[in-house]
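Novice: Mind looking over this structure? Questions follow.
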Amino acid sequence: MHSLAERGVPLAERPKTNLSGLSDWDTARIFLEVVRCGSFRSAAERLSLSINAVRRRIDDFERQTGTTLFTRDVHGTHLTDEGALVVSAVERMEAATFDVLRASDSMANALSGEVRVAVTEGLGTFWLAPRLVEFQQAYPKILVDLHCAMRSADVSRHEADVAIHLSRPSALDIKLVRLGRMHLMFWASEKYIEKHGAPRSAAELIKHRLVLQFADQLAAKESFESFFPGVSERDLLVMKTNVSSANYWAVANGAGIGVFPSYAIALGGKLIPLEVELNRPLDIWLSYHPGSGRIPRVRHMIDWLIEAFSPARFPWFKEEFVHPHEFKNSYMGEPLTQLFGGFSTEEQR
């Protein structure tokens with residue numbers, strides 16, 4: 001189906017869209033999500049709604065605006081010309097809504113209120129959460145809402161005040177800070193090595209069984225294919241999971257060989273780094289909206305996070321790979337297990 005513009009229909013002769021009907025922000029937000037996701041199903045999953053609920057809201061929205069916003073076919077949803085006009089109007093509503101929220105935030109007590117921090121599940125669980133007590137002691141009136149998930153949060157759409165990512169965000173209207181670099185490598189427990197031995201090359205690794213975390217920001221499927229070209233997951237994997245904590249516990253208790261950051265030696269369990277040269281670096285990015293960065297409590301959180309990932313203080317976040325066995329020579333701070341607050345697998349005495 002060709003659009004009106006493609007058929008050469010003059011703008012004045014095209015059907016009018018009732019943009020004055022755009023008063024329901026919640027329904028408008030759902031419409032915008034469908035546009036950005038490209039399908040009702042993807043939008044429903046992102047919004048945690050049923051696909052039928054999304055369709056009903058879009059039908060209501062089309063009645064409000066008095067026009068057809070989408071055409072549907074087997075390939076997904078497609079905006080009509082009138083729908084494109086509504087997108088522009090809804091995006092202005094979205095920007096205005098966020099401006100109101102940021103303005104109300106900035107008028108609140110500078111060092112009280114809530115700061116929402118979105119971070120990948122592993123970094124949030126093993127690195128930030130144990131250390132946030134430092135921030136809380138310095139700013140006791142600030143409530144930190146720490147959201148740990150492997151789906152990247154969009155600060156430009158007010159999903160968080162500050163977000164930490166393992167890939168560079170593509171949004172143009174945000175501030176970015178490159179915090180450091182995470183280095184992933186292969187690990188196994190003492191129990192596993194005693195029973196199966198320690199592989200020393202990629203060729204030997206294929207003879208073992210792996211436990212891997214599969215999550216959006218890790219691109220684990222692509223990494224697996226690059227590490228083991230032509231090898232089926234079923235031939236190597238004994239377990240896969242979507243969260244770092246389950247992945248860590250499985251490997252620490254001998255289920256198989258796993259992939260963890262180089263700082264895993266500090267988590268408290270009996271994990272041993274394997275001398276297999278299949279290391280993978282991931283840049284760590286911090287993002288925030290320029291308006292949010294001017295709110296004092298958010299600015300304090302940003303500054304604290306930058307320091308919390310400082311490569312100068314913590315060698316495991318350096319640009320170049322530092323082997324875990326070298327940490328004790330290059331790190332001069334407090335004991336590592338206290339920093340990470342990891343879960344010890346040793347028996348309690």
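Note on naming: chains are A, B, ... as they come in the structure tokens, residues start from 1 per chain, ligands start from 1 in the order shown.
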Residues at most 9 Å from Phe228 (chain A), counting only C-alpha atoms, excluding those fewer than 4 positions away in the same chain, as a JSON list (two decimals) with N, CA and C atoms, in the first residue's frame?
Specialist:
```
[["chain", "number", "residue", "atom", "x", "y", "z"],
["A", 202, "ALA", "N", 41.56, -23.15, 23.60],
["A", 202, "ALA", "CA", 40.19, -23.24, 23.09],
["A", 202, "ALA", "C", 39.88, -24.65, 22.62],
["A", 206, "ILE", "N", 36.64, -27.16, 24.28],
["A", 206, "ILE", "CA", 35.52, -27.81, 23.58],
["A", 206, "ILE", "C", 35.22, -29.18, 24.17],
["A", 223, "SER", "N", 28.71, -14.06, 21.04],
["A", 223, "SER", "CA", 30.02, -14.36, 21.63],
["A", 223, "SER", "C", 30.31, -15.86, 21.54],
["A", 224, "PHE", "N", 29.30, -16.69, 21.82],
["A", 224, "PHE", "CA", 29.49, -18.14, 21.75],
["A", 224, "PHE", "C", 29.90, -18.55, 20.34],
["A", 232, "SER", "N", 27.74, -26.51, 18.09],
["A", 232, "SER", "CA", 26.38, -26.33, 18.58],
["A", 232, "SER", "C", 26.38, -26.07, 20.09]]
```
Novice: As JSON, numbers by chain, list the residues of region 155-324 of chain A assigned to helix (DSSP H, G or I) by DSSP on the backbone atoms of this structure.
Specialist: {"A": [155, 156, 157, 190, 191, 192, 193, 194, 195, 196, 202, 203, 204, 205, 216, 217, 218, 220, 221, 222, 223, 224, 225, 226, 227, 233, 234, 235, 236, 244, 245, 246, 247, 248, 249, 250, 251, 252, 262, 263, 264, 265, 266, 290, 291, 292, 293, 296, 297, 298, 299, 300, 301, 302, 303, 304, 305, 306, 307, 308, 315, 316, 317, 324]}
Novice: Compare A:Met93, A:Asp81, A:Val243, A:Ser189 by their minimum atom-to-atom distance to Gly124 (chain A), counting only C-alpha atoms, and give me the closest one.
Specialist: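 For Gly124 (chain A), the nearest of the given residues is A:Val243.
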Novice: DSSP on the backbone: what in region 49-246 of chain A comes out strand (DSSP E), as a PyMOL selection string?
Specialist: chain A and resi 70-73+76-79+113-119+142-148+162-165+175-189+210-213+237-241
Novice: Just to confirm, what's the straight-line distance from CA of Val211 (chain A) to CA of Pro315 (chain A) in Å (one decimal)?
Specialist: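 Computed distance, CA of Val211 (chain A) to CA of Pro315 (chain A), equals 26.1 Å.
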Novice: For Gly76 (chain A), please output as a PyMOL selection string all residues within 9 Å (counting only C-alpha atoms; exclusion window: fewer than 3 positions along the same chain).
Specialist: chain A and resi 38-40+71-73
Novice: Work out how far apart CA of His158 (chain A) and CA of Ala95 (chain A) are and give it in Å to one decimal.
Specialist: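 Interatomic distance, CA of His158 (chain A) to CA of Ala95 (chain A): 9.7 Å.
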Novice: When you look at Val144 (chain A) with a cut-off of 9 Å (counting only C-alpha atoms), what residues show up, excluding the ones that are within fewer than 3 positions of it in the same chain? I need them as a count of residues only.
Specialist: 7
Novice: Please compute the CA of Ala198 (chain A)-CA of Leu274 (chain A) distance, one decimal, in Å.
Specialist: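 Separation of CA of Ala198 (chain A) and CA of Leu274 (chain A): 6.9 Å.
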Novice: From the set A:Leu237, A:Leu179, A:Val133, A:Ile51, which residue has the shortest atom-to-atom contact distance to Phe309 (chain A), counting only C-alpha atoms?
Specialist: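 Nearest to Phe309 (chain A): A:Leu179.
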Novice: Calculated over only C-alpha atoms, which of the candidates A:Gly83, A:Pro140, A:Pro324, A:Gly256 has the smallest distance to Glu190 (chain A)?
Specialist: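 Of A:Gly83, A:Pro140, A:Pro324, A:Gly256, the one nearest Glu190 (chain A), counting only C-alpha atoms, is A:Gly256.
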Novice: Within 12 Å of Ile58 (chain A), counting only C-alpha atoms, which residues qualify if same-chain residues fewer than 5 places away don't, as JSON, numbers by chain?
Specialist: {"A": [24, 26, 27, 28, 29, 30, 31, 32, 33, 34, 35, 39, 40, 43, 44, 51, 52, 53, 63, 64, 65, 66, 67, 68, 69, 70, 71, 77, 83]}
Novice: Okay, now the selection with C-alpha atoms, as a PDB file, in the first residue's frame?
Specialist:
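New file again-v2.pdb:
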```pdb
ATOM      1  CA  ASP A  24      -4.629  10.812  27.110  1.00  0.00           C
ATOM      2  CA  ASP A  26      -1.005   6.925  28.848  1.00  0.00           C
ATOM      3  CA  THR A  27      -2.641   5.751  25.614  1.00  0.00           C
ATOM      4  CA  ALA A  28      -0.374   8.057  23.597  1.00  0.00           C
ATOM      5  CA  ARG A  29       2.628   6.441  25.299  1.00  0.00           C
ATOM      6  CA  ILE A  30       1.416   2.982  24.209  1.00  0.00           C
ATOM      7  CA  PHE A  31       0.981   4.259  20.642  1.00  0.00           C
ATOM      8  CA  LEU A  32       4.551   5.590  20.689  1.00  0.00           C
ATOM      9  CA  GLU A  33       5.852   2.256  21.980  1.00  0.00           C
ATOM     10  CA  VAL A  34       4.179   0.393  19.103  1.00  0.00           C
ATOM     11  CA  VAL A  35       5.810   2.799  16.652  1.00  0.00           C
ATOM     12  CA  SER A  39       4.820  -4.413  16.230  1.00  0.00           C
ATOM     13  CA  PHE A  40       2.010  -4.806  18.737  1.00  0.00           C
ATOM     14  CA  ALA A  43       5.333  -3.293  22.402  1.00  0.00           C
ATOM     15  CA  ALA A  44       3.140  -5.503  24.609  1.00  0.00           C
ATOM     16  CA  ILE A  51      -1.279  -7.928  23.019  1.00  0.00           C
ATOM     17  CA  ASN A  52      -5.080  -7.615  23.091  1.00  0.00           C
ATOM     18  CA  ALA A  53      -4.848  -4.793  25.637  1.00  0.00           C
ATOM     19  CA  ARG A  63     -11.130   6.910  17.648  1.00  0.00           C
ATOM     20  CA  GLN A  64      -9.739   9.852  19.643  1.00  0.00           C
ATOM     21  CA  THR A  65      -7.756  11.159  16.688  1.00  0.00           C
ATOM     22  CA  GLY A  66     -10.429  10.308  14.143  1.00  0.00           C
ATOM     23  CA  THR A  67      -8.091   8.565  11.732  1.00  0.00           C
ATOM     24  CA  THR A  68      -6.348   5.302  10.906  1.00  0.00           C
ATOM     25  CA  LEU A  69      -2.852   5.377  12.380  1.00  0.00           C
ATOM     26  CA  PHE A  70      -1.506   1.984  11.254  1.00  0.00           C
ATOM     27  CA  THR A  71      -1.835  -0.465   8.435  1.00  0.00           C
ATOM     28  CA  THR A  77       2.647  -2.496  11.552  1.00  0.00           C
ATOM     29  CA  GLY A  83      -0.038   8.386  11.967  1.00  0.00           C
TER      30      GLY A  83
END
```
Novice: Can you pull out the residues contacting Asp235 (chain A)? Cut-off 10 Å, using only C-alpha atoms, and skip same-chain residues under 3 positions away; I want them as a PyMOL selection string.
Specialist: chain A and resi 206-210+231-232+238
Novice: What would the file look like if the residues just selected were written as a short mmCIF file (atom, residue, chain, number, x, y, z; two decimals), in the first residue's frame with C-alpha atoms?
Specialist:
```cif
data_model
loop_
_atom_site.label_atom_id
_atom_site.label_comp_id
_atom_site.auth_asym_id
_atom_site.auth_seq_id
_atom_site.Cartn_x
_atom_site.Cartn_y
_atom_site.Cartn_z
CA ILE A 206 35.52 -27.81 23.58
CA LYS A 207 35.98 -31.09 25.46
CA HIS A 208 34.40 -29.59 28.60
CA ARG A 209 30.87 -28.42 29.57
CA LEU A 210 29.90 -24.77 29.94
CA VAL A 231 29.96 -25.79 17.41
CA SER A 232 26.38 -26.33 18.58
CA VAL A 238 25.17 -28.00 30.47
#
```
Novice: Just checking: using only C-alpha atoms, which residue out of A:Val87, A:Leu123, A:Ala312, A:Leu184 ends up closest to Ser245 (chain A)?
Specialist: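 Smallest separation from Ser245 (chain A) among the options: A:Leu123.
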